[in-house]
Amino acid sequence: MKNKQSDDMKRILVPCDFSEPSVEAFKFAVEVAARSGGTIHLLNVVELPVLYDSAAVLSFEQAFMDDRKKEVEKNFTKMKSKWAKDMPVIVKTHIQYGSAVSVIRRMIQETKADLVVLGTHGAKGMKEFTIGSNTEKIVRSSSVPVISIKKAGKTVRNIVFPTTPDVDLEEITMHVKRLQSFFDATLHVLYVNTPARFKTDGKTKKMMNDFAKRFMLKNHTLNIFNDISEESGIANFAKEVNADIIAMRTHGRRGISHLTTGSIAEDVVNHIDCAIWTYKIA
């Protein structure tokens, strides 16, 4: 059934490399598109090899691209037949060549996407510190909301919204309210109390009650969770309430600022298994 907030999720871009997480992302997008009456833009990016013998480049690249295109189209057909055949959704397929992150950014604009849904393996250890995952880069730079998927999804019933209610959060909160309405889910507003940013329960409860009243929240819970870090608190609370989606803002920091201050949203995308909805605040 079409949801009154469905216009927020009409055009859905799904980057796909046919890995298990990207297939799960497609399955999730099919459910969203069926609910919104929307269109899925299924994208595969072929990253071309670097060749140094200019005389061989043209013939090699053409043969490579032809073979790759046939393989991708075959996989697209299998995915659509298996996961979208009997669903009331339109699936348009795209094969693009170049850098995955650059192509995805461009396709967000060309398809006028309302939402990006992509699978992720996450990034850990030194790889995370030095280059991160492609998902992290898209989360950091996307002009539209991104839902990151690692494992098989399920019907969205519980959304966790980590927040600091003493900060001006009007833009992100209105987006999260529309997300909640779209899925007709319970919204769990969460404040993680850490040793570094400790607040007394009395003060925090008042802030959260004022926050809920200001934004006229419905079907919600207000929660204070004590933990050693915000990331750990979000992860542990999400498990307690069996969260289906964690909704977070990201500032899209880059360069030295990103390396020194990091991003809680990107850390959560990398390390927590449930779906993560992120939206970049300027």
# chains A, B, ... in the order shown; residues from 1 in each chain; ligands from 1

$ select_by_dssp --residues "range 72-177 of chain A" --states "helix (DSSP H, G or I)" --output "mmCIF file with all heavy atoms, in the first residue's frame"
data_model
loop_
_atom_site.group_PDB
_atom_site.id
_atom_site.type_symbol
_atom_site.label_atom_id
_atom_site.label_comp_id
_atom_site.auth_asym_id
_atom_site.auth_seq_id
_atom_site.Cartn_x
_atom_site.Cartn_y
_atom_site.Cartn_z
ATOM 1 N N VAL A 72 27.371 -8.723 -16.698
ATOM 2 C CA VAL A 72 26.562 -7.891 -15.806
ATOM 3 C C VAL A 72 25.091 -7.978 -16.178
ATOM 4 O O VAL A 72 24.224 -8.137 -15.309
ATOM 5 C CB VAL A 72 27.041 -6.427 -15.841
ATOM 6 C CG1 VAL A 72 26.063 -5.518 -15.110
ATOM 7 C CG2 VAL A 72 28.432 -6.306 -15.221
ATOM 8 N N GLU A 73 24.776 -7.899 -17.468
ATOM 9 C CA GLU A 73 23.378 -7.972 -17.904
ATOM 10 C C GLU A 73 22.749 -9.317 -17.536
ATOM 11 O O GLU A 73 21.573 -9.378 -17.154
ATOM 12 C CB GLU A 73 23.298 -7.730 -19.405
ATOM 13 C CG GLU A 73 23.555 -6.276 -19.788
ATOM 14 C CD GLU A 73 23.563 -6.052 -21.284
ATOM 15 O OE1 GLU A 73 23.738 -7.053 -22.030
ATOM 16 O OE2 GLU A 73 23.411 -4.902 -21.707
ATOM 17 N N LYS A 74 23.538 -10.377 -17.638
ATOM 18 C CA LYS A 74 23.050 -11.702 -17.249
ATOM 19 C C LYS A 74 22.738 -11.742 -15.752
ATOM 20 O O LYS A 74 21.694 -12.259 -15.332
ATOM 21 C CB LYS A 74 24.114 -12.758 -17.597
ATOM 22 C CG LYS A 74 23.690 -14.186 -17.290
ATOM 23 C CD LYS A 74 24.788 -15.163 -17.710
ATOM 24 C CE LYS A 74 24.397 -16.597 -17.390
ATOM 25 N NZ LYS A 74 25.467 -17.547 -17.793
ATOM 26 N N ASN A 75 23.616 -11.167 -14.945
ATOM 27 C CA ASN A 75 23.387 -11.138 -13.499
ATOM 28 C C ASN A 75 22.205 -10.237 -13.126
ATOM 29 O O ASN A 75 21.433 -10.555 -12.231
ATOM 30 C CB ASN A 75 24.653 -10.649 -12.785
ATOM 31 C CG ASN A 75 25.748 -11.697 -12.754
ATOM 32 O OD1 ASN A 75 25.466 -12.898 -12.755
ATOM 33 N ND2 ASN A 75 26.999 -11.267 -12.740
ATOM 34 N N PHE A 76 22.061 -9.108 -13.824
ATOM 35 C CA PHE A 76 20.904 -8.238 -13.595
ATOM 36 C C PHE A 76 19.606 -9.005 -13.846
ATOM 37 O O PHE A 76 18.646 -8.911 -13.074
ATOM 38 C CB PHE A 76 20.955 -7.029 -14.532
ATOM 39 C CG PHE A 76 21.795 -5.884 -14.038
ATOM 40 C CD1 PHE A 76 22.274 -4.928 -14.928
ATOM 41 C CD2 PHE A 76 22.117 -5.738 -12.688
ATOM 42 C CE1 PHE A 76 23.034 -3.851 -14.491
ATOM 43 C CE2 PHE A 76 22.886 -4.668 -12.239
ATOM 44 C CZ PHE A 76 23.347 -3.729 -13.142
ATOM 45 N N THR A 77 19.563 -9.749 -14.959
ATOM 46 C CA THR A 77 18.356 -10.504 -15.318
ATOM 47 C C THR A 77 18.017 -11.530 -14.242
ATOM 48 O O THR A 77 16.845 -11.692 -13.858
ATOM 49 C CB THR A 77 18.550 -11.207 -16.671
ATOM 50 O OG1 THR A 77 18.779 -10.226 -17.684
ATOM 51 C CG2 THR A 77 17.314 -12.032 -17.033
ATOM 52 N N LYS A 78 19.034 -12.211 -13.731
ATOM 53 C CA LYS A 78 18.814 -13.201 -12.667
ATOM 54 C C LYS A 78 18.263 -12.538 -11.407
ATOM 55 O O LYS A 78 17.324 -13.038 -10.783
ATOM 56 C CB LYS A 78 20.130 -13.915 -12.333
ATOM 57 C CG LYS A 78 20.595 -14.918 -13.368
ATOM 58 C CD LYS A 78 21.891 -15.584 -12.918
ATOM 59 C CE LYS A 78 22.382 -16.596 -13.930
ATOM 60 N NZ LYS A 78 23.667 -17.224 -13.505
ATOM 61 N N MET A 79 18.850 -11.405 -11.019
ATOM 62 C CA MET A 79 18.401 -10.715 -9.814
ATOM 63 C C MET A 79 16.961 -10.242 -9.935
ATOM 64 O O MET A 79 16.147 -10.422 -9.026
ATOM 65 C CB MET A 79 19.317 -9.521 -9.519
ATOM 66 C CG MET A 79 20.666 -9.896 -8.954
ATOM 67 S SD MET A 79 21.698 -8.436 -8.609
ATOM 68 C CE MET A 79 20.760 -7.647 -7.317
ATOM 69 N N LYS A 80 16.630 -9.635 -11.062
ATOM 70 C CA LYS A 80 15.270 -9.142 -11.255
ATOM 71 C C LYS A 80 14.266 -10.280 -11.278
ATOM 72 O O LYS A 80 13.179 -10.179 -10.712
ATOM 73 C CB LYS A 80 15.181 -8.329 -12.546
ATOM 74 C CG LYS A 80 15.926 -7.007 -12.495
ATOM 75 C CD LYS A 80 15.581 -6.124 -13.676
ATOM 76 C CE LYS A 80 16.101 -6.698 -14.972
ATOM 77 N NZ LYS A 80 15.797 -5.799 -16.118
ATOM 78 N N SER A 81 14.646 -11.374 -11.930
ATOM 79 C CA SER A 81 13.745 -12.525 -12.013
ATOM 80 C C SER A 81 13.509 -13.163 -10.652
ATOM 81 O O SER A 81 12.396 -13.582 -10.325
ATOM 82 C CB SER A 81 14.335 -13.565 -12.978
ATOM 83 O OG SER A 81 13.532 -14.725 -13.017
ATOM 84 N N LYS A 82 14.545 -13.199 -9.831
ATOM 85 C CA LYS A 82 14.443 -13.864 -8.530
ATOM 86 C C LYS A 82 13.785 -13.002 -7.473
ATOM 87 O O LYS A 82 12.987 -13.490 -6.662
ATOM 88 C CB LYS A 82 15.838 -14.282 -8.059
ATOM 89 C CG LYS A 82 15.816 -15.137 -6.799
ATOM 90 C CD LYS A 82 17.180 -15.731 -6.508
ATOM 91 C CE LYS A 82 17.119 -16.671 -5.317
ATOM 92 N NZ LYS A 82 18.442 -17.289 -5.026
ATOM 93 N N TRP A 83 14.090 -11.685 -7.458
ATOM 94 C CA TRP A 83 13.666 -10.850 -6.338
ATOM 95 C C TRP A 83 12.630 -9.791 -6.682
ATOM 96 O O TRP A 83 12.023 -9.221 -5.775
ATOM 97 C CB TRP A 83 14.893 -10.165 -5.717
ATOM 98 C CG TRP A 83 15.949 -11.115 -5.291
ATOM 99 C CD1 TRP A 83 17.201 -11.244 -5.821
ATOM 100 C CD2 TRP A 83 15.859 -12.106 -4.272
ATOM 101 N NE1 TRP A 83 17.897 -12.253 -5.205
ATOM 102 C CE2 TRP A 83 17.095 -12.790 -4.237
ATOM 103 C CE3 TRP A 83 14.849 -12.481 -3.380
ATOM 104 C CZ2 TRP A 83 17.352 -13.833 -3.349
ATOM 105 C CZ3 TRP A 83 15.108 -13.519 -2.493
ATOM 106 C CH2 TRP A 83 16.345 -14.175 -2.479
ATOM 107 N N ALA A 100 34.170 3.757 -8.796
ATOM 108 C CA ALA A 100 32.869 3.454 -8.214
ATOM 109 C C ALA A 100 32.278 4.651 -7.474
ATOM 110 O O ALA A 100 31.114 5.016 -7.682
ATOM 111 C CB ALA A 100 32.980 2.254 -7.272
ATOM 112 N N VAL A 101 33.062 5.273 -6.614
ATOM 113 C CA VAL A 101 32.543 6.380 -5.806
ATOM 114 C C VAL A 101 32.154 7.559 -6.684
ATOM 115 O O VAL A 101 31.083 8.153 -6.518
ATOM 116 C CB VAL A 101 33.576 6.806 -4.742
ATOM 117 C CG1 VAL A 101 33.099 8.044 -3.994
ATOM 118 C CG2 VAL A 101 33.811 5.661 -3.746
ATOM 119 N N SER A 102 32.983 7.900 -7.653
ATOM 120 C CA SER A 102 32.689 9.027 -8.548
ATOM 121 C C SER A 102 31.440 8.763 -9.379
ATOM 122 O O SER A 102 30.594 9.654 -9.562
ATOM 123 C CB SER A 102 33.875 9.303 -9.479
ATOM 124 O OG SER A 102 35.004 9.691 -8.736
ATOM 125 N N VAL A 103 31.316 7.535 -9.882
ATOM 126 C CA VAL A 103 30.149 7.197 -10.703
ATOM 127 C C VAL A 103 28.873 7.233 -9.868
ATOM 128 O O VAL A 103 27.840 7.750 -10.310
ATOM 129 C CB VAL A 103 30.330 5.805 -11.354
ATOM 130 C CG1 VAL A 103 29.014 5.346 -11.993
ATOM 131 C CG2 VAL A 103 31.428 5.846 -12.402
ATOM 132 N N ILE A 104 28.925 6.698 -8.655
ATOM 133 C CA ILE A 104 27.737 6.710 -7.797
ATOM 134 C C ILE A 104 27.301 8.133 -7.500
ATOM 135 O O ILE A 104 26.106 8.461 -7.567
ATOM 136 C CB ILE A 104 28.006 5.925 -6.497
ATOM 137 C CG1 ILE A 104 28.179 4.436 -6.799
ATOM 138 C CG2 ILE A 104 26.857 6.124 -5.491
ATOM 139 C CD1 ILE A 104 28.711 3.620 -5.636
ATOM 140 N N ARG A 105 28.244 9.003 -7.190
ATOM 141 C CA ARG A 105 27.911 10.412 -6.938
ATOM 142 C C ARG A 105 27.231 11.035 -8.155
ATOM 143 O O ARG A 105 26.248 11.766 -8.031
ATOM 144 C CB ARG A 105 29.176 11.194 -6.584
ATOM 145 C CG ARG A 105 29.754 10.885 -5.214
ATOM 146 C CD ARG A 105 31.094 11.580 -5.050
ATOM 147 N NE ARG A 105 31.716 11.276 -3.768
ATOM 148 C CZ ARG A 105 33.013 11.427 -3.508
ATOM 149 N NH1 ARG A 105 33.824 11.876 -4.455
ATOM 150 N NH2 ARG A 105 33.506 11.145 -2.316
ATOM 151 N N ARG A 106 27.772 10.741 -9.336
ATOM 152 C CA ARG A 106 27.184 11.309 -10.563
ATOM 153 C C ARG A 106 25.799 10.743 -10.818
ATOM 154 O O ARG A 106 24.876 11.478 -11.204
ATOM 155 C CB ARG A 106 28.112 11.020 -11.751
ATOM 156 C CG ARG A 106 27.515 11.429 -13.093
ATOM 157 C CD ARG A 106 28.564 11.391 -14.197
ATOM 158 N NE ARG A 106 29.227 10.107 -14.300
ATOM 159 C CZ ARG A 106 28.699 9.046 -14.924
ATOM 160 N NH1 ARG A 106 27.506 9.108 -15.463
ATOM 161 N NH2 ARG A 106 29.384 7.920 -14.988
ATOM 162 N N MET A 107 25.613 9.450 -10.582
ATOM 163 C CA MET A 107 24.324 8.813 -10.855
ATOM 164 C C MET A 107 23.243 9.269 -9.879
ATOM 165 O O MET A 107 22.058 9.241 -10.201
ATOM 166 C CB MET A 107 24.473 7.292 -10.825
ATOM 167 C CG MET A 107 25.254 6.734 -12.003
ATOM 168 S SD MET A 107 24.480 7.071 -13.613
ATOM 169 C CE MET A 107 23.014 6.015 -13.496
ATOM 170 N N ILE A 108 23.639 9.673 -8.681
ATOM 171 C CA ILE A 108 22.662 10.253 -7.750
ATOM 172 C C ILE A 108 22.016 11.473 -8.401
ATOM 173 O O ILE A 108 20.794 11.667 -8.329
ATOM 174 C CB ILE A 108 23.337 10.650 -6.419
ATOM 175 C CG1 ILE A 108 23.729 9.393 -5.629
ATOM 176 C CG2 ILE A 108 22.406 11.530 -5.577
ATOM 177 C CD1 ILE A 108 24.561 9.688 -4.383
ATOM 178 N N GLN A 109 22.835 12.276 -9.071
ATOM 179 C CA GLN A 109 22.329 13.475 -9.732
ATOM 180 C C GLN A 109 21.550 13.125 -10.996
ATOM 181 O O GLN A 109 20.455 13.662 -11.236
ATOM 182 C CB GLN A 109 23.497 14.415 -10.070
ATOM 183 C CG GLN A 109 24.355 14.829 -8.883
ATOM 184 C CD GLN A 109 23.550 15.506 -7.794
ATOM 185 O OE1 GLN A 109 22.674 16.324 -8.059
ATOM 186 N NE2 GLN A 109 23.847 15.157 -6.544
ATOM 187 N N GLU A 110 22.076 12.232 -11.813
ATOM 188 C CA GLU A 110 21.445 11.920 -13.103
ATOM 189 C C GLU A 110 20.094 11.232 -12.938
ATOM 190 O O GLU A 110 19.179 11.451 -13.738
ATOM 191 C CB GLU A 110 22.381 11.062 -13.954
ATOM 192 C CG GLU A 110 23.606 11.807 -14.456
ATOM 193 C CD GLU A 110 24.439 10.991 -15.420
ATOM 194 O OE1 GLU A 110 24.000 9.888 -15.828
ATOM 195 O OE2 GLU A 110 25.550 11.457 -15.778
ATOM 196 N N GLY A 125 40.205 -2.148 10.958
ATOM 197 C CA GLY A 125 41.649 -2.083 11.102
ATOM 198 C C GLY A 125 42.273 -0.954 10.321
ATOM 199 O O GLY A 125 41.707 0.113 10.141
ATOM 200 N N MET A 126 43.486 -1.187 9.808
ATOM 201 C CA MET A 126 44.239 -0.150 9.122
ATOM 202 C C MET A 126 43.549 0.300 7.840
ATOM 203 O O MET A 126 43.578 1.471 7.467
ATOM 204 C CB MET A 126 45.646 -0.659 8.785
ATOM 205 C CG MET A 126 46.523 0.421 8.172
ATOM 206 S SD MET A 126 46.610 1.918 9.188
ATOM 207 C CE MET A 126 48.076 1.574 10.119
ATOM 208 N N LYS A 127 42.836 -0.617 7.157
ATOM 209 C CA LYS A 127 42.110 -0.233 5.949
ATOM 210 C C LYS A 127 41.092 0.845 6.269
ATOM 211 O O LYS A 127 40.932 1.812 5.525
ATOM 212 C CB LYS A 127 41.404 -1.447 5.332
ATOM 213 C CG LYS A 127 40.589 -1.085 4.081
ATOM 214 C CD LYS A 127 39.849 -2.285 3.552
ATOM 215 C CE LYS A 127 38.988 -1.899 2.352
ATOM 216 N NZ LYS A 127 38.179 -3.023 1.848
ATOM 217 N N GLU A 128 40.388 0.686 7.383
ATOM 218 C CA GLU A 128 39.394 1.679 7.773
ATOM 219 C C GLU A 128 40.055 3.028 8.028
ATOM 220 O O GLU A 128 39.546 4.076 7.622
ATOM 221 C CB GLU A 128 38.667 1.213 9.030
ATOM 222 C CG GLU A 128 37.673 2.230 9.567
ATOM 223 C CD GLU A 128 37.087 1.799 10.883
ATOM 224 O OE1 GLU A 128 37.363 0.671 11.323
ATOM 225 O OE2 GLU A 128 36.371 2.606 11.485
ATOM 226 N N PHE A 129 41.200 3.009 8.687
ATOM 227 C CA PHE A 129 41.860 4.270 9.037
ATOM 228 C C PHE A 129 42.408 4.987 7.804
ATOM 229 O O PHE A 129 42.335 6.202 7.704
ATOM 230 C CB PHE A 129 42.997 4.009 10.028
ATOM 231 C CG PHE A 129 43.694 5.272 10.465
ATOM 232 C CD1 PHE A 129 43.108 6.115 11.404
ATOM 233 C CD2 PHE A 129 44.913 5.633 9.920
ATOM 234 C CE1 PHE A 129 43.742 7.291 11.794
ATOM 235 C CE2 PHE A 129 45.557 6.804 10.310
ATOM 236 C CZ PHE A 129 44.961 7.629 11.253
ATOM 237 N N THR A 130 42.943 4.209 6.850
ATOM 238 C CA THR A 130 43.613 4.846 5.723
ATOM 239 C C THR A 130 42.667 5.211 4.587
ATOM 240 O O THR A 130 42.712 6.316 4.066
ATOM 241 C CB THR A 130 44.721 3.925 5.170
ATOM 242 O OG1 THR A 130 44.150 2.639 4.858
ATOM 243 C CG2 THR A 130 45.824 3.752 6.185
ATOM 244 N N ASN A 134 34.047 1.930 0.371
ATOM 245 C CA ASN A 134 33.318 2.778 -0.569
ATOM 246 C C ASN A 134 32.026 3.285 0.054
ATOM 247 O O ASN A 134 31.616 4.424 -0.184
ATOM 248 C CB ASN A 134 33.002 1.995 -1.851
ATOM 249 C CG ASN A 134 34.203 1.885 -2.772
ATOM 250 O OD1 ASN A 134 35.138 2.677 -2.687
ATOM 251 N ND2 ASN A 134 34.185 0.905 -3.641
ATOM 252 N N THR A 135 31.380 2.437 0.862
ATOM 253 C CA THR A 135 30.147 2.846 1.523
ATOM 254 C C THR A 135 30.395 4.067 2.399
ATOM 255 O O THR A 135 29.617 5.030 2.388
ATOM 256 C CB THR A 135 29.591 1.697 2.384
ATOM 257 O OG1 THR A 135 29.366 0.558 1.558
ATOM 258 C CG2 THR A 135 28.291 2.102 3.055
ATOM 259 N N GLU A 136 31.477 4.040 3.167
ATOM 260 C CA GLU A 136 31.797 5.165 4.044
ATOM 261 C C GLU A 136 31.969 6.447 3.247
ATOM 262 O O GLU A 136 31.497 7.514 3.650
ATOM 263 C CB GLU A 136 33.080 4.852 4.824
ATOM 264 C CG GLU A 136 33.522 5.959 5.760
ATOM 265 C CD GLU A 136 34.815 5.608 6.474
ATOM 266 O OE1 GLU A 136 35.067 4.409 6.681
ATOM 267 O OE2 GLU A 136 35.563 6.533 6.817
ATOM 268 N N LYS A 137 32.610 6.355 2.071
ATOM 269 C CA LYS A 137 32.820 7.538 1.247
ATOM 270 C C LYS A 137 31.501 8.074 0.703
ATOM 271 O O LYS A 137 31.316 9.291 0.597
ATOM 272 C CB LYS A 137 33.786 7.208 0.109
ATOM 273 C CG LYS A 137 35.196 6.888 0.597
ATOM 274 C CD LYS A 137 36.074 6.358 -0.530
ATOM 275 C CE LYS A 137 37.429 5.918 0.004
ATOM 276 N NZ LYS A 137 38.256 5.290 -1.044
ATOM 277 N N ILE A 138 30.585 7.182 0.337
ATOM 278 C CA ILE A 138 29.280 7.623 -0.145
ATOM 279 C C ILE A 138 28.479 8.238 0.995
ATOM 280 O O ILE A 138 27.838 9.288 0.833
ATOM 281 C CB ILE A 138 28.506 6.446 -0.776
ATOM 282 C CG1 ILE A 138 29.257 5.903 -1.990
ATOM 283 C CG2 ILE A 138 27.092 6.887 -1.168
ATOM 284 C CD1 ILE A 138 29.533 6.929 -3.066
ATOM 285 N N VAL A 139 28.497 7.605 2.168
ATOM 286 C CA VAL A 139 27.809 8.165 3.337
ATOM 287 C C VAL A 139 28.298 9.579 3.608
ATOM 288 O O VAL A 139 27.513 10.487 3.919
ATOM 289 C CB VAL A 139 28.038 7.265 4.574
ATOM 290 C CG1 VAL A 139 27.671 7.992 5.864
ATOM 291 C CG2 VAL A 139 27.230 5.970 4.436
ATOM 292 N N ARG A 140 29.609 9.790 3.480
ATOM 293 C CA ARG A 140 30.212 11.070 3.803
ATOM 294 C C ARG A 140 29.848 12.158 2.799
ATOM 295 O O ARG A 140 29.810 13.337 3.146
ATOM 296 C CB ARG A 140 31.733 10.908 3.857
ATOM 297 C CG ARG A 140 32.485 12.033 4.536
ATOM 298 C CD ARG A 140 33.985 11.796 4.437
ATOM 299 N NE ARG A 140 34.342 10.456 4.846
ATOM 300 C CZ ARG A 140 35.444 9.828 4.449
ATOM 301 N NH1 ARG A 140 36.284 10.402 3.616
ATOM 302 N NH2 ARG A 140 35.703 8.604 4.874
ATOM 303 N N SER A 141 29.569 11.775 1.540
ATOM 304 C CA SER A 141 29.422 12.786 0.491
ATOM 305 C C SER A 141 28.051 12.849 -0.166
ATOM 306 O O SER A 141 27.763 13.793 -0.894
ATOM 307 C CB SER A 141 30.467 12.541 -0.602
ATOM 308 O OG SER A 141 30.247 11.286 -1.232
ATOM 309 N N GLU A 170 16.622 20.249 13.925
ATOM 310 C CA GLU A 170 15.343 20.295 13.214
ATOM 311 C C GLU A 170 15.391 19.569 11.877
ATOM 312 O O GLU A 170 14.502 18.764 11.559
ATOM 313 C CB GLU A 170 14.909 21.743 13.002
ATOM 314 C CG GLU A 170 13.558 21.848 12.305
ATOM 315 C CD GLU A 170 13.001 23.250 12.322
ATOM 316 O OE1 GLU A 170 13.630 24.140 12.937
ATOM 317 O OE2 GLU A 170 11.936 23.456 11.725
ATOM 318 N N GLU A 171 16.413 19.828 11.076
ATOM 319 C CA GLU A 171 16.470 19.230 9.733
ATOM 320 C C GLU A 171 16.510 17.711 9.797
ATOM 321 O O GLU A 171 15.722 17.024 9.138
ATOM 322 C CB GLU A 171 17.686 19.762 8.974
ATOM 323 C CG GLU A 171 17.771 19.239 7.547
ATOM 324 C CD GLU A 171 18.973 19.788 6.788
ATOM 325 O OE1 GLU A 171 19.752 20.571 7.382
ATOM 326 O OE2 GLU A 171 19.126 19.431 5.606
ATOM 327 N N ILE A 172 17.428 17.158 10.580
ATOM 328 C CA ILE A 172 17.545 15.705 10.643
ATOM 329 C C ILE A 172 16.318 15.075 11.288
ATOM 330 O O ILE A 172 15.842 14.023 10.848
ATOM 331 C CB ILE A 172 18.837 15.283 11.397
ATOM 332 C CG1 ILE A 172 19.041 13.770 11.341
ATOM 333 C CG2 ILE A 172 18.825 15.756 12.842
ATOM 334 C CD1 ILE A 172 19.327 13.229 9.982
ATOM 335 N N THR A 173 15.748 15.712 12.296
ATOM 336 C CA THR A 173 14.586 15.147 12.976
ATOM 337 C C THR A 173 13.382 15.069 12.047
ATOM 338 O O THR A 173 12.644 14.074 12.061
ATOM 339 C CB THR A 173 14.232 15.960 14.230
ATOM 340 O OG1 THR A 173 15.369 15.991 15.098
ATOM 341 C CG2 THR A 173 13.067 15.342 14.974
ATOM 342 N N MET A 174 13.172 16.068 11.225
ATOM 343 C CA MET A 174 12.045 16.029 10.293
ATOM 344 C C MET A 174 12.233 14.915 9.264
ATOM 345 O O MET A 174 11.272 14.237 8.881
ATOM 346 C CB MET A 174 11.873 17.387 9.604
ATOM 347 C CG MET A 174 11.567 18.540 10.558
ATOM 348 S SD MET A 174 10.222 18.174 11.746
ATOM 349 C CE MET A 174 8.813 18.059 10.628
ATOM 350 N N HIS A 175 13.465 14.693 8.832
ATOM 351 C CA HIS A 175 13.728 13.573 7.916
ATOM 352 C C HIS A 175 13.443 12.234 8.605
ATOM 353 O O HIS A 175 12.858 11.325 7.999
ATOM 354 C CB HIS A 175 15.182 13.613 7.443
ATOM 355 C CG HIS A 175 15.426 14.512 6.272
ATOM 356 N ND1 HIS A 175 15.106 14.169 4.983
ATOM 357 C CD2 HIS A 175 15.945 15.764 6.196
ATOM 358 C CE1 HIS A 175 15.433 15.152 4.153
ATOM 359 N NE2 HIS A 175 15.938 16.140 4.874
ATOM 360 N N VAL A 176 13.870 12.108 9.857
ATOM 361 C CA VAL A 176 13.667 10.856 10.583
ATOM 362 C C VAL A 176 12.177 10.617 10.837
ATOM 363 O O VAL A 176 11.700 9.478 10.767
ATOM 364 C CB VAL A 176 14.472 10.846 11.898
ATOM 365 C CG1 VAL A 176 14.100 9.638 12.759
ATOM 366 C CG2 VAL A 176 15.975 10.835 11.601
ATOM 367 N N LYS A 177 11.435 11.655 11.117
ATOM 368 C CA LYS A 177 9.986 11.506 11.293
ATOM 369 C C LYS A 177 9.319 10.976 10.013
ATOM 370 O O LYS A 177 8.418 10.138 10.072
ATOM 371 C CB LYS A 177 9.354 12.841 11.686
ATOM 372 C CG LYS A 177 9.560 13.233 13.145
ATOM 373 C CD LYS A 177 8.823 14.523 13.482
ATOM 374 C CE LYS A 177 7.317 14.354 13.392
ATOM 375 N NZ LYS A 177 6.600 15.570 13.819
#

$ closest_atom_pairs --of "range 96-214 of chain A" --to "range 232-254 of chain A" --cutoff "9 Å" --atoms "only C-alpha atoms" --output "CSV"
residue,atom,partner,partner_atom,distance
A:Lys137,CA,A:Gly252,CA,8.8
A:Val139,CA,A:Gly252,CA,7.4
A:Arg140,CA,A:Gly252,CA,4.1
A:Ser141,CA,A:Gly252,CA,5.7
A:Ser142,CA,A:Gly252,CA,8.4
A:Ile147,CA,A:Ile245,CA,8.6
A:Gly153,CA,A:Asp244,CA,7.7
A:Lys154,CA,A:Asp244,CA,7.2
A:Thr155,CA,A:Asp244,CA,7.6
A:Val156,CA,A:Asp244,CA,5.4
A:Arg157,CA,A:Asp244,CA,6.5
A:Asn158,CA,A:Ala243,CA,5.0
A:Ile159,CA,A:Ile245,CA,4.9
A:Val160,CA,A:Ile246,CA,4.7
A:Phe161,CA,A:Ala247,CA,5.1
A:Pro162,CA,A:Met248,CA,6.5
A:Thr163,CA,A:Met248,CA,7.9
A:Ile172,CA,A:Arg249,CA,6.6
A:Val176,CA,A:Ala247,CA,6.9
A:Leu179,CA,A:Ala247,CA,8.8
A:His188,CA,A:Val241,CA,8.5
A:Leu190,CA,A:Ile234,CA,7.9
A:Tyr191,CA,A:Ile234,CA,8.7
A:Val192,CA,A:Gly233,CA,5.8
A:Asn193,CA,A:Gly233,CA,8.1
A:Thr194,CA,A:Gly233,CA,8.4

$ atom_distance --atom1 "CA of Ser22 in chain A" --atom2 "CA of Ile281 in chain A"
25.6 Å

$ atom_distance --atom1 "CA of Lys27 in chain A" --atom2 "CA of Lys112 in chain A"
20.8 Å
